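What's in coords.cif: mmCIF, N, CA and C atoms
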data_upload
loop_
_atom_site.group_PDB
_atom_site.id
_atom_site.type_symbol
_atom_site.label_atom_id
_atom_site.label_comp_id
_atom_site.auth_asym_id
_atom_site.auth_seq_id
_atom_site.Cartn_x
_atom_site.Cartn_y
_atom_site.Cartn_z
ATOM 1 N N MET A 85 -25.885 75.620 16.535
ATOM 2 C CA MET A 85 -25.758 74.849 17.766
ATOM 3 C C MET A 85 -26.767 73.702 17.735
ATOM 4 N N ASN A 86 -26.280 72.535 18.045
ATOM 5 C CA ASN A 86 -27.122 71.350 18.127
ATOM 6 C C ASN A 86 -27.497 71.098 19.572
ATOM 7 N N GLN A 87 -28.595 70.389 19.765
ATOM 8 C CA GLN A 87 -29.023 70.060 21.117
ATOM 9 C C GLN A 87 -28.846 68.563 21.332
ATOM 10 N N TYR A 88 -28.292 68.202 22.494
ATOM 11 C CA TYR A 88 -27.970 66.817 22.819
ATOM 12 C C TYR A 88 -28.509 66.469 24.197
ATOM 13 N N GLU A 89 -28.661 65.167 24.427
ATOM 14 C CA GLU A 89 -28.992 64.676 25.758
ATOM 15 C C GLU A 89 -27.961 63.621 26.136
ATOM 16 N N LEU A 90 -27.395 63.784 27.317
ATOM 17 C CA LEU A 90 -26.393 62.863 27.845
ATOM 18 C C LEU A 90 -27.018 62.102 29.007
ATOM 19 N N GLY A 91 -27.106 60.792 28.871
ATOM 20 C CA GLY A 91 -27.575 59.936 29.949
ATOM 21 C C GLY A 91 -26.380 59.303 30.637
ATOM 22 N N VAL A 92 -26.312 59.419 31.958
ATOM 23 C CA VAL A 92 -25.166 58.923 32.725
ATOM 24 C C VAL A 92 -25.675 58.038 33.860
ATOM 25 N N ILE A 93 -25.004 56.899 34.057
ATOM 26 C CA ILE A 93 -25.267 56.039 35.216
ATOM 27 C C ILE A 93 -23.990 56.017 36.049
ATOM 28 N N ILE A 94 -24.105 56.517 37.273
ATOM 29 C CA ILE A 94 -22.966 56.615 38.192
ATOM 30 C C ILE A 94 -23.070 55.500 39.221
ATOM 31 N N THR A 95 -21.928 54.964 39.635
ATOM 32 C CA THR A 95 -21.885 53.870 40.596
ATOM 33 C C THR A 95 -22.490 54.275 41.941
ATOM 34 N N THR A 96 -23.041 53.308 42.641
ATOM 35 C CA THR A 96 -23.606 53.567 43.971
ATOM 36 C C THR A 96 -22.598 53.281 45.079
ATOM 37 N N LYS A 97 -21.373 52.930 44.715
ATOM 38 C CA LYS A 97 -20.335 52.681 45.723
ATOM 39 C C LYS A 97 -19.895 53.976 46.407
ATOM 40 N N LEU A 98 -20.160 55.120 45.782
ATOM 41 C CA LEU A 98 -19.777 56.416 46.344
ATOM 42 C C LEU A 98 -20.830 56.890 47.333
ATOM 43 N N ASP A 99 -20.423 57.750 48.267
ATOM 44 C CA ASP A 99 -21.396 58.377 49.150
ATOM 45 C C ASP A 99 -22.086 59.510 48.384
ATOM 46 N N ASP A 100 -23.039 60.198 49.021
ATOM 47 C CA ASP A 100 -23.809 61.244 48.345
ATOM 48 C C ASP A 100 -22.924 62.361 47.814
ATOM 49 N N GLU A 101 -21.948 62.766 48.600
ATOM 50 C CA GLU A 101 -21.048 63.841 48.164
ATOM 51 C C GLU A 101 -20.203 63.397 46.968
ATOM 52 N N GLY A 102 -19.750 62.163 46.985
ATOM 53 C CA GLY A 102 -18.967 61.635 45.880
ATOM 54 C C GLY A 102 -19.775 61.534 44.601
ATOM 55 N N GLN A 103 -21.045 61.154 44.724
ATOM 56 C CA GLN A 103 -21.916 61.071 43.555
ATOM 57 C C GLN A 103 -22.173 62.451 42.957
ATOM 58 N N LYS A 104 -22.392 63.436 43.818
ATOM 59 C CA LYS A 104 -22.599 64.808 43.337
ATOM 60 C C LYS A 104 -21.331 65.351 42.683
ATOM 61 N N ALA A 105 -20.180 65.018 43.263
ATOM 62 C CA ALA A 105 -18.915 65.472 42.694
ATOM 63 C C ALA A 105 -18.674 64.844 41.324
ATOM 64 N N GLU A 106 -19.028 63.585 41.170
ATOM 65 C CA GLU A 106 -18.857 62.912 39.877
ATOM 66 C C GLU A 106 -19.782 63.518 38.823
ATOM 67 N N LEU A 107 -21.010 63.854 39.210
ATOM 68 C CA LEU A 107 -21.936 64.504 38.281
ATOM 69 C C LEU A 107 -21.434 65.896 37.906
ATOM 70 N N GLU A 108 -20.872 66.612 38.870
ATOM 71 C CA GLU A 108 -20.292 67.928 38.575
ATOM 72 C C GLU A 108 -19.109 67.803 37.627
ATOM 73 N N ARG A 109 -18.326 66.753 37.762
ATOM 74 C CA ARG A 109 -17.203 66.515 36.867
ATOM 75 C C ARG A 109 -17.694 66.301 35.431
ATOM 76 N N VAL A 110 -18.796 65.572 35.287
ATOM 77 C CA VAL A 110 -19.372 65.343 33.954
ATOM 78 C C VAL A 110 -19.914 66.655 33.377
ATOM 79 N N LYS A 111 -20.596 67.447 34.208
ATOM 80 C CA LYS A 111 -21.123 68.730 33.729
ATOM 81 C C LYS A 111 -19.992 69.692 33.368
ATOM 82 N N GLU A 112 -18.884 69.617 34.086
ATOM 83 C CA GLU A 112 -17.741 70.473 33.793
ATOM 84 C C GLU A 112 -17.123 70.110 32.444
ATOM 85 N N LEU A 113 -17.175 68.838 32.059
ATOM 86 C CA LEU A 113 -16.687 68.438 30.736
ATOM 87 C C LEU A 113 -17.474 69.128 29.626
ATOM 88 N N ILE A 114 -18.779 69.237 29.819
ATOM 89 C CA ILE A 114 -19.625 69.882 28.811
ATOM 90 C C ILE A 114 -19.266 71.349 28.677
ATOM 91 N N THR A 115 -19.151 72.042 29.794
ATOM 92 C CA THR A 115 -18.871 73.481 29.733
ATOM 93 C C THR A 115 -17.440 73.771 29.305
ATOM 94 N N ARG A 116 -16.500 72.858 29.577
ATOM 95 C CA ARG A 116 -15.103 73.064 29.199
ATOM 96 C C ARG A 116 -14.952 73.172 27.676
ATOM 97 N N PHE A 117 -15.756 72.422 26.946
ATOM 98 C CA PHE A 117 -15.639 72.421 25.490
ATOM 99 C C PHE A 117 -16.633 73.356 24.811
ATOM 100 N N GLY A 118 -17.223 74.265 25.555
ATOM 101 C CA GLY A 118 -18.068 75.297 24.966
ATOM 102 C C GLY A 118 -19.547 74.978 24.917
ATOM 103 N N GLY A 119 -19.977 73.903 25.551
ATOM 104 C CA GLY A 119 -21.396 73.576 25.594
ATOM 105 C C GLY A 119 -22.096 74.325 26.709
ATOM 106 N N THR A 120 -23.390 74.508 26.561
ATOM 107 C CA THR A 120 -24.186 75.148 27.612
ATOM 108 C C THR A 120 -25.234 74.153 28.091
ATOM 109 N N ILE A 121 -25.319 73.997 29.394
ATOM 110 C CA ILE A 121 -26.258 73.046 29.992
ATOM 111 C C ILE A 121 -27.627 73.696 30.078
ATOM 112 N N ASP A 122 -28.627 73.041 29.501
ATOM 113 C CA ASP A 122 -29.994 73.560 29.503
ATOM 114 C C ASP A 122 -30.805 73.017 30.675
ATOM 115 N N LYS A 123 -30.662 71.714 30.937
ATOM 116 C CA LYS A 123 -31.476 71.093 31.980
ATOM 117 C C LYS A 123 -30.761 69.859 32.521
ATOM 118 N N VAL A 124 -30.871 69.642 33.831
ATOM 119 C CA VAL A 124 -30.340 68.430 34.463
ATOM 120 C C VAL A 124 -31.514 67.732 35.142
ATOM 121 N N ASP A 125 -31.728 66.481 34.772
ATOM 122 C CA ASP A 125 -32.834 65.692 35.313
ATOM 123 C C ASP A 125 -32.254 64.511 36.080
ATOM 124 N N ASP A 126 -32.279 64.586 37.414
ATOM 125 C CA ASP A 126 -31.758 63.505 38.259
ATOM 126 C C ASP A 126 -32.882 62.528 38.569
ATOM 127 N N TRP A 127 -32.684 61.288 38.209
ATOM 128 C CA TRP A 127 -33.666 60.246 38.495
ATOM 129 C C TRP A 127 -33.352 59.522 39.790
ATOM 130 N N GLY A 128 -32.150 59.674 40.285
ATOM 131 C CA GLY A 128 -31.773 59.026 41.528
ATOM 132 C C GLY A 128 -31.388 57.573 41.332
ATOM 133 N N ARG A 129 -31.482 56.815 42.407
ATOM 134 C CA ARG A 129 -31.051 55.409 42.408
ATOM 135 C C ARG A 129 -32.128 54.541 41.747
ATOM 136 N N ARG A 130 -31.706 53.757 40.747
ATOM 137 C CA ARG A 130 -32.600 52.853 40.032
ATOM 138 C C ARG A 130 -31.938 51.492 39.861
ATOM 139 N N LYS A 131 -32.748 50.490 39.712
ATOM 140 C CA LYS A 131 -32.241 49.140 39.463
ATOM 141 C C LYS A 131 -31.814 49.049 38.004
ATOM 142 N N LEU A 132 -30.651 48.444 37.777
ATOM 143 C CA LEU A 132 -30.153 48.244 36.425
ATOM 144 C C LEU A 132 -30.865 47.057 35.778
ATOM 145 N N ALA A 133 -30.947 47.048 34.465
ATOM 146 C CA ALA A 133 -31.583 45.943 33.753
ATOM 147 C C ALA A 133 -30.765 44.659 33.890
ATOM 148 N N TYR A 134 -29.461 44.814 34.010
ATOM 149 C CA TYR A 134 -28.561 43.683 34.188
ATOM 150 C C TYR A 134 -27.366 44.169 34.993
ATOM 151 N N PRO A 135 -26.683 43.281 35.712
ATOM 152 C CA PRO A 135 -25.541 43.710 36.530
ATOM 153 C C PRO A 135 -24.396 44.271 35.672
ATOM 154 N N ILE A 136 -23.841 45.372 36.120
ATOM 155 C CA ILE A 136 -22.681 45.992 35.487
ATOM 156 C C ILE A 136 -21.604 46.077 36.559
ATOM 157 N N GLN A 137 -20.464 45.483 36.325
ATOM 158 C CA GLN A 137 -19.366 45.439 37.278
ATOM 159 C C GLN A 137 -19.843 44.943 38.641
ATOM 160 N N LYS A 138 -20.666 43.901 38.623
ATOM 161 C CA LYS A 138 -21.225 43.261 39.814
ATOM 162 C C LYS A 138 -22.095 44.199 40.652
ATOM 163 N N GLN A 139 -22.706 45.195 40.009
ATOM 164 C CA GLN A 139 -23.604 46.124 40.688
ATOM 165 C C GLN A 139 -24.997 45.999 40.085
ATOM 166 N N ASN A 140 -25.997 46.070 40.952
ATOM 167 C CA ASN A 140 -27.375 45.945 40.505
ATOM 168 C C ASN A 140 -28.113 47.279 40.465
ATOM 169 N N ASP A 141 -27.552 48.323 41.080
ATOM 170 C CA ASP A 141 -28.172 49.647 41.132
ATOM 171 C C ASP A 141 -27.221 50.687 40.568
ATOM 172 N N GLY A 142 -27.791 51.825 40.151
ATOM 173 C CA GLY A 142 -26.984 52.935 39.669
ATOM 174 C C GLY A 142 -27.720 54.248 39.879
ATOM 175 N N ILE A 143 -26.992 55.348 39.851
ATOM 176 C CA ILE A 143 -27.570 56.679 39.978
ATOM 177 C C ILE A 143 -27.734 57.238 38.564
ATOM 178 N N TYR A 144 -28.976 57.458 38.153
ATOM 179 C CA TYR A 144 -29.284 57.912 36.800
ATOM 180 C C TYR A 144 -29.415 59.432 36.757
ATOM 181 N N SER A 145 -28.788 60.054 35.757
ATOM 182 C CA SER A 145 -28.921 61.490 35.514
ATOM 183 C C SER A 145 -28.963 61.725 34.011
ATOM 184 N N PHE A 146 -29.786 62.678 33.608
ATOM 185 C CA PHE A 146 -29.893 63.045 32.202
ATOM 186 C C PHE A 146 -29.633 64.541 32.079
ATOM 187 N N ILE A 147 -28.683 64.903 31.214
ATOM 188 C CA ILE A 147 -28.278 66.292 31.041
ATOM 189 C C ILE A 147 -28.580 66.701 29.611
ATOM 190 N N THR A 148 -29.399 67.733 29.437
ATOM 191 C CA THR A 148 -29.681 68.295 28.119
ATOM 192 C C THR A 148 -28.767 69.491 27.929
ATOM 193 N N PHE A 149 -28.042 69.525 26.811
ATOM 194 C CA PHE A 149 -27.115 70.618 26.574
ATOM 195 C C PHE A 149 -27.077 70.994 25.100
ATOM 196 N N SER A 150 -26.604 72.204 24.822
ATOM 197 C CA SER A 150 -26.436 72.709 23.464
ATOM 198 C C SER A 150 -24.956 72.917 23.210
ATOM 199 N N SER A 151 -24.511 72.524 22.009
ATOM 200 C CA SER A 151 -23.093 72.673 21.685
ATOM 201 C C SER A 151 -22.883 72.504 20.190
ATOM 202 N N GLU A 152 -21.644 72.714 19.784
ATOM 203 C CA GLU A 152 -21.253 72.452 18.404
ATOM 204 C C GLU A 152 -21.156 70.946 18.203
ATOM 205 N N SER A 153 -21.069 70.511 16.967
ATOM 206 C CA SER A 153 -21.122 69.083 16.660
ATOM 207 C C SER A 153 -19.881 68.301 17.095
ATOM 208 N N ASN A 154 -18.765 68.968 17.355
ATOM 209 C CA ASN A 154 -17.555 68.249 17.768
ATOM 210 C C ASN A 154 -17.490 67.999 19.280
ATOM 211 N N VAL A 155 -18.305 68.654 20.063
ATOM 212 C CA VAL A 155 -18.258 68.545 21.525
ATOM 213 C C VAL A 155 -18.625 67.141 22.019
ATOM 214 N N PRO A 156 -19.662 66.472 21.494
ATOM 215 C CA PRO A 156 -19.946 65.110 21.981
ATOM 216 C C PRO A 156 -18.788 64.134 21.783
ATOM 217 N N ILE A 157 -18.007 64.317 20.743
ATOM 218 C CA ILE A 157 -16.850 63.451 20.520
ATOM 219 C C ILE A 157 -15.817 63.663 21.627
ATOM 220 N N GLU A 158 -15.573 64.922 21.984
ATOM 221 C CA GLU A 158 -14.623 65.246 23.052
ATOM 222 C C GLU A 158 -15.119 64.731 24.401
ATOM 223 N N ILE A 159 -16.412 64.885 24.667
ATOM 224 C CA ILE A 159 -16.980 64.423 25.935
ATOM 225 C C ILE A 159 -16.871 62.908 26.038
ATOM 226 N N THR A 160 -17.192 62.214 24.953
ATOM 227 C CA THR A 160 -17.124 60.757 24.939
ATOM 228 C C THR A 160 -15.714 60.270 25.232
ATOM 229 N N ALA A 161 -14.728 60.913 24.644
ATOM 230 C CA ALA A 161 -13.342 60.491 24.848
ATOM 231 C C ALA A 161 -12.917 60.641 26.302
ATOM 232 N N ARG A 162 -13.428 61.635 26.998
ATOM 233 C CA ARG A 162 -13.007 61.883 28.373
ATOM 234 C C ARG A 162 -13.879 61.184 29.415
ATOM 235 N N ILE A 163 -15.163 61.052 29.138
ATOM 236 C CA ILE A 163 -16.048 60.410 30.106
ATOM 237 C C ILE A 163 -15.802 58.898 30.143
ATOM 238 N N ARG A 164 -15.274 58.360 29.065
ATOM 239 C CA ARG A 164 -14.989 56.932 28.971
ATOM 240 C C ARG A 164 -13.968 56.479 30.011
ATOM 241 N N ILE A 165 -13.071 57.371 30.431
ATOM 242 C CA ILE A 165 -12.025 56.977 31.381
ATOM 243 C C ILE A 165 -12.398 57.250 32.835
ATOM 244 N N LEU A 166 -13.568 57.813 33.089
ATOM 245 C CA LEU A 166 -14.009 58.030 34.468
ATOM 246 C C LEU A 166 -14.432 56.699 35.082
ATOM 247 N N GLU A 167 -13.807 56.333 36.176
ATOM 248 C CA GLU A 167 -14.039 55.025 36.793
ATOM 249 C C GLU A 167 -15.433 54.885 37.393
ATOM 250 N N ASN A 168 -16.002 55.958 37.903
ATOM 251 C CA ASN A 168 -17.272 55.879 38.612
ATOM 252 C C ASN A 168 -18.490 56.011 37.699
ATOM 253 N N VAL A 169 -18.280 56.177 36.402
ATOM 254 C CA VAL A 169 -19.381 56.204 35.442
ATOM 255 C C VAL A 169 -19.513 54.802 34.863
ATOM 256 N N LEU A 170 -20.653 54.154 35.165
ATOM 257 C CA LEU A 170 -20.865 52.793 34.682
ATOM 258 C C LEU A 170 -21.212 52.771 33.196
ATOM 259 N N ARG A 171 -22.153 53.604 32.785
ATOM 260 C CA ARG A 171 -22.574 53.695 31.393
ATOM 261 C C ARG A 171 -22.951 55.137 31.082
ATOM 262 N N PHE A 172 -22.871 55.476 29.786
ATOM 263 C CA PHE A 172 -23.310 56.790 29.334
ATOM 264 C C PHE A 172 -23.719 56.694 27.873
ATOM 265 N N MET A 173 -24.543 57.642 27.446
ATOM 266 C CA MET A 173 -24.950 57.697 26.061
ATOM 267 C C MET A 173 -25.319 59.136 25.715
ATOM 268 N N ILE A 174 -24.832 59.609 24.571
ATOM 269 C CA ILE A 174 -25.158 60.946 24.088
ATOM 270 C C ILE A 174 -25.997 60.788 22.825
ATOM 271 N N ILE A 175 -27.168 61.437 22.815
ATOM 272 C CA ILE A 175 -28.007 61.401 21.629
ATOM 273 C C ILE A 175 -28.268 62.822 21.151
ATOM 274 N N ASN A 176 -28.452 62.969 19.856
ATOM 275 C CA ASN A 176 -28.786 64.254 19.253
ATOM 276 C C ASN A 176 -30.298 64.425 19.279
ATOM 277 N N ILE A 177 -30.767 65.539 19.798
ATOM 278 C CA ILE A 177 -32.201 65.813 19.854
ATOM 279 C C ILE A 177 -32.561 66.597 18.591
ATOM 280 N N GLU A 178 -33.380 65.993 17.755
ATOM 281 C CA GLU A 178 -33.800 66.649 16.517
ATOM 282 C C GLU A 178 -34.839 67.708 16.844
ATOM 283 N N LYS A 179 -34.765 68.808 16.099
ATOM 284 C CA LYS A 179 -35.748 69.880 16.322
ATOM 285 C C LYS A 179 -36.982 69.655 15.491
#
Before we go any further, please render this structure as structure tokens.
Amino acid sequence: MNQYELGVIITTKLDDEGQKAELERVKELITRFGGTIDKVDDWGRRKLAYPIQKQNDGIYSFITFSSESNVPIEITARIRILENVLRFMIINIEK
């Protein structure tokens, strides 16, 4: 099992419940493909370095998870089509 970190920026156009639901949708993608979530680090609302889709702020969350090597590919394919996710990045954490 490899360890990964997923960084997600969610749009601020949603209300608090919508933002939590979108984060739960992302976490459900990880568990659907056999990954286990180790830690969720919510940074909250932060200013973006540059405007994305005419937005200057985003909700930052970082999810550390363990999974097989094919799971990040599956997550990337599905998270890419979520409208409320502005940006995301999955990195492999070396031991």
(request) Rank nothing, just name the residue among A:Thr96, A:Asn154, A:Thr115, A:Asn168 nearest to Asp141 of chain A, using all atoms listed in the file. (result)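 Result for the nearest residue to Asp141 of chain A: A:Thr96.
Here, the PyMOL selection byres ((chain A and resi 127) around 5) matches Asp125, Asp126, Gly128, Arg129, Tyr144 and Ser145 of chain A.
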Could the residues in this selection be written to a file with N, CA and C atoms, as a PDB file, keeping the file's coordinate frame?
ATOM      1  N   ASP A 125     -31.728  66.481  34.772  1.00  0.00           N
ATOM      2  CA  ASP A 125     -32.834  65.692  35.313  1.00  0.00           C
ATOM      3  C   ASP A 125     -32.254  64.511  36.080  1.00  0.00           C
ATOM      4  N   ASP A 126     -32.279  64.586  37.414  1.00  0.00           N
ATOM      5  CA  ASP A 126     -31.758  63.505  38.259  1.00  0.00           C
ATOM      6  C   ASP A 126     -32.882  62.528  38.569  1.00  0.00           C
ATOM      7  N   GLY A 128     -32.150  59.674  40.285  1.00  0.00           N
ATOM      8  CA  GLY A 128     -31.773  59.026  41.528  1.00  0.00           C
ATOM      9  C   GLY A 128     -31.388  57.573  41.332  1.00  0.00           C
ATOM     10  N   ARG A 129     -31.482  56.815  42.407  1.00  0.00           N
ATOM     11  CA  ARG A 129     -31.051  55.409  42.408  1.00  0.00           C
ATOM     12  C   ARG A 129     -32.128  54.541  41.747  1.00  0.00           C
ATOM     13  N   TYR A 144     -28.976  57.458  38.153  1.00  0.00           N
ATOM     14  CA  TYR A 144     -29.284  57.912  36.800  1.00  0.00           C
ATOM     15  C   TYR A 144     -29.415  59.432  36.757  1.00  0.00           C
ATOM     16  N   SER A 145     -28.788  60.054  35.757  1.00  0.00           N
ATOM     17  CA  SER A 145     -28.921  61.490  35.514  1.00  0.00           C
ATOM     18  C   SER A 145     -28.963  61.725  34.011  1.00  0.00           C
TER      19      SER A 145
END
(request) Might you spell out which residues the PyMOL selection byres ((chain A and resi 169) around 8) would select in the displayed file, as a list in words? (result)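 Answer for the PyMOL selection byres ((chain A and resi 169) around 8): Val92, Ile93, Ile94, Thr95, Glu106, Ile163, Arg164, Ile165, Leu166, Glu167, Asn168, Leu170, Arg171 and Phe172 of chain A.
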(request) Report the distance between atom CA of Lys123 of chain A and atom CA of Phe146 of chain A in Å, rounded to one decimal place. (result)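 Distance reported for this atom pair: 8.2 Å.
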(request) Please provide the set of residues having any atom within 5 Å of Asn86 of chain A, restricted to only N, CA and C atoms, with same-chain residues fewer than 3 positions apart removed, written as a list of chain:residue names. (result)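 Counting only N, CA and C atoms, the residues come to A:Ser150, A:Ser151, A:Glu152.
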(request) Kindly give the distance, in Å, that separates atom N of Asn140 of chain A and atom CA of Leu98 of chain A, rounded to a single decimal. (result) 13.2 Å
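Rounded to one decimal, atom C of Gln139 of chain A and atom CA of Arg109 of chain A lie 22.2 Å from each other.
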(message) Considering only strand (DSSP E or B) as DSSP defines it on the backbone, what residues of chain A qualify? List them as an NGL selection string.
(response) :A and (86-94 or 120-136 or 139-151 or 169-177)
Would you save the residues from that selection as a short mmCIF file (atom, residue, chain, number, x, y, z; two decimals), keeping the file's coordinate frame, using N, CA and C atoms?
data_model
loop_
_atom_site.label_atom_id
_atom_site.label_comp_id
_atom_site.auth_asym_id
_atom_site.auth_seq_id
_atom_site.Cartn_x
_atom_site.Cartn_y
_atom_site.Cartn_z
N ASN A 86 -26.28 72.54 18.05
CA ASN A 86 -27.12 71.35 18.13
C ASN A 86 -27.50 71.10 19.57
N GLN A 87 -28.60 70.39 19.76
CA GLN A 87 -29.02 70.06 21.12
C GLN A 87 -28.85 68.56 21.33
N TYR A 88 -28.29 68.20 22.49
CA TYR A 88 -27.97 66.82 22.82
C TYR A 88 -28.51 66.47 24.20
N GLU A 89 -28.66 65.17 24.43
CA GLU A 89 -28.99 64.68 25.76
C GLU A 89 -27.96 63.62 26.14
N LEU A 90 -27.40 63.78 27.32
CA LEU A 90 -26.39 62.86 27.84
C LEU A 90 -27.02 62.10 29.01
N GLY A 91 -27.11 60.79 28.87
CA GLY A 91 -27.58 59.94 29.95
C GLY A 91 -26.38 59.30 30.64
N VAL A 92 -26.31 59.42 31.96
CA VAL A 92 -25.17 58.92 32.72
C VAL A 92 -25.68 58.04 33.86
N ILE A 93 -25.00 56.90 34.06
CA ILE A 93 -25.27 56.04 35.22
C ILE A 93 -23.99 56.02 36.05
N ILE A 94 -24.10 56.52 37.27
CA ILE A 94 -22.97 56.62 38.19
C ILE A 94 -23.07 55.50 39.22
N THR A 120 -23.39 74.51 26.56
CA THR A 120 -24.19 75.15 27.61
C THR A 120 -25.23 74.15 28.09
N ILE A 121 -25.32 74.00 29.39
CA ILE A 121 -26.26 73.05 29.99
C ILE A 121 -27.63 73.70 30.08
N ASP A 122 -28.63 73.04 29.50
CA ASP A 122 -29.99 73.56 29.50
C ASP A 122 -30.80 73.02 30.68
N LYS A 123 -30.66 71.71 30.94
CA LYS A 123 -31.48 71.09 31.98
C LYS A 123 -30.76 69.86 32.52
N VAL A 124 -30.87 69.64 33.83
CA VAL A 124 -30.34 68.43 34.46
C VAL A 124 -31.51 67.73 35.14
N ASP A 125 -31.73 66.48 34.77
CA ASP A 125 -32.83 65.69 35.31
C ASP A 125 -32.25 64.51 36.08
N ASP A 126 -32.28 64.59 37.41
CA ASP A 126 -31.76 63.50 38.26
C ASP A 126 -32.88 62.53 38.57
N TRP A 127 -32.68 61.29 38.21
CA TRP A 127 -33.67 60.25 38.49
C TRP A 127 -33.35 59.52 39.79
N GLY A 128 -32.15 59.67 40.28
CA GLY A 128 -31.77 59.03 41.53
C GLY A 128 -31.39 57.57 41.33
N ARG A 129 -31.48 56.82 42.41
CA ARG A 129 -31.05 55.41 42.41
C ARG A 129 -32.13 54.54 41.75
N ARG A 130 -31.71 53.76 40.75
CA ARG A 130 -32.60 52.85 40.03
C ARG A 130 -31.94 51.49 39.86
N LYS A 131 -32.75 50.49 39.71
CA LYS A 131 -32.24 49.14 39.46
C LYS A 131 -31.81 49.05 38.00
N LEU A 132 -30.65 48.44 37.78
CA LEU A 132 -30.15 48.24 36.42
C LEU A 132 -30.86 47.06 35.78
N ALA A 133 -30.95 47.05 34.47
CA ALA A 133 -31.58 45.94 33.75
C ALA A 133 -30.76 44.66 33.89
N TYR A 134 -29.46 44.81 34.01
CA TYR A 134 -28.56 43.68 34.19
C TYR A 134 -27.37 44.17 34.99
N PRO A 135 -26.68 43.28 35.71
CA PRO A 135 -25.54 43.71 36.53
C PRO A 135 -24.40 44.27 35.67
N ILE A 136 -23.84 45.37 36.12
CA ILE A 136 -22.68 45.99 35.49
C ILE A 136 -21.60 46.08 36.56
N GLN A 139 -22.71 45.20 40.01
CA GLN A 139 -23.60 46.12 40.69
C GLN A 139 -25.00 46.00 40.08
N ASN A 140 -26.00 46.07 40.95
CA ASN A 140 -27.38 45.94 40.51
C ASN A 140 -28.11 47.28 40.47
N ASP A 141 -27.55 48.32 41.08
CA ASP A 141 -28.17 49.65 41.13
C ASP A 141 -27.22 50.69 40.57
N GLY A 142 -27.79 51.82 40.15
CA GLY A 142 -26.98 52.94 39.67
C GLY A 142 -27.72 54.25 39.88
N ILE A 143 -26.99 55.35 39.85
CA ILE A 143 -27.57 56.68 39.98
C ILE A 143 -27.73 57.24 38.56
N TYR A 144 -28.98 57.46 38.15
CA TYR A 144 -29.28 57.91 36.80
C TYR A 144 -29.42 59.43 36.76
N SER A 145 -28.79 60.05 35.76
CA SER A 145 -28.92 61.49 35.51
C SER A 145 -28.96 61.72 34.01
N PHE A 146 -29.79 62.68 33.61
CA PHE A 146 -29.89 63.04 32.20
C PHE A 146 -29.63 64.54 32.08
N ILE A 147 -28.68 64.90 31.21
CA ILE A 147 -28.28 66.29 31.04
C ILE A 147 -28.58 66.70 29.61
N THR A 148 -29.40 67.73 29.44
CA THR A 148 -29.68 68.30 28.12
C THR A 148 -28.77 69.49 27.93
N PHE A 149 -28.04 69.53 26.81
CA PHE A 149 -27.12 70.62 26.57
C PHE A 149 -27.08 70.99 25.10
N SER A 150 -26.60 72.20 24.82
CA SER A 150 -26.44 72.71 23.46
C SER A 150 -24.96 72.92 23.21
N SER A 151 -24.51 72.52 22.01
CA SER A 151 -23.09 72.67 21.68
C SER A 151 -22.88 72.50 20.19
N VAL A 169 -18.28 56.18 36.40
CA VAL A 169 -19.38 56.20 35.44
C VAL A 169 -19.51 54.80 34.86
N LEU A 170 -20.65 54.15 35.16
CA LEU A 170 -20.86 52.79 34.68
C LEU A 170 -21.21 52.77 33.20
N ARG A 171 -22.15 53.60 32.78
CA ARG A 171 -22.57 53.70 31.39
C ARG A 171 -22.95 55.14 31.08
N PHE A 172 -22.87 55.48 29.79
CA PHE A 172 -23.31 56.79 29.33
C PHE A 172 -23.72 56.69 27.87
N MET A 173 -24.54 57.64 27.45
CA MET A 173 -24.95 57.70 26.06
C MET A 173 -25.32 59.14 25.72
N ILE A 174 -24.83 59.61 24.57
CA ILE A 174 -25.16 60.95 24.09
C ILE A 174 -26.00 60.79 22.82
N ILE A 175 -27.17 61.44 22.82
CA ILE A 175 -28.01 61.40 21.63
C ILE A 175 -28.27 62.82 21.15
N ASN A 176 -28.45 62.97 19.86
CA ASN A 176 -28.79 64.25 19.25
C ASN A 176 -30.30 64.42 19.28
N ILE A 177 -30.77 65.54 19.80
CA ILE A 177 -32.20 65.81 19.85
C ILE A 177 -32.56 66.60 18.59
#
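All residues within segment 97-158 of chain A that the backbone DSSP calculation assigns to helix (DSSP H, G or I) are A:Asp100, A:Glu101, A:Gly102, A:Gln103, A:Lys104, A:Ala105, A:Glu106, A:Leu107, A:Glu108, A:Arg109, A:Val110, A:Lys111, A:Glu112, A:Leu113, A:Ile114, A:Thr115, A:Arg116, A:Val155, A:Pro156, A:Ile157, A:Glu158.
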(message) Since I can't run it myself right now, could you work out what the PyMOL selection byres ((chain A and resi 176) around 6) selects here and report it as a ChimeraX atom specification?
(response) /A:87-89,174-175,177-178
Is it possible to get the axis-aligned box enclosing segment 166-172 of chain A (all listed atoms, 4 Å extra per side) as JSON, with centre and edge lengths in Å rounded to one decimal?
{"center_x": -18.6, "center_y": 55.4, "center_z": 33.2, "size_x": 18.2, "size_y": 13.3, "size_z": 18.7}
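Counting only C-alpha atoms, the residue from A:Pro135, A:Ile143, A:Asp122, A:Val110 that sits nearest to Thr160 of chain A is A:Val110.
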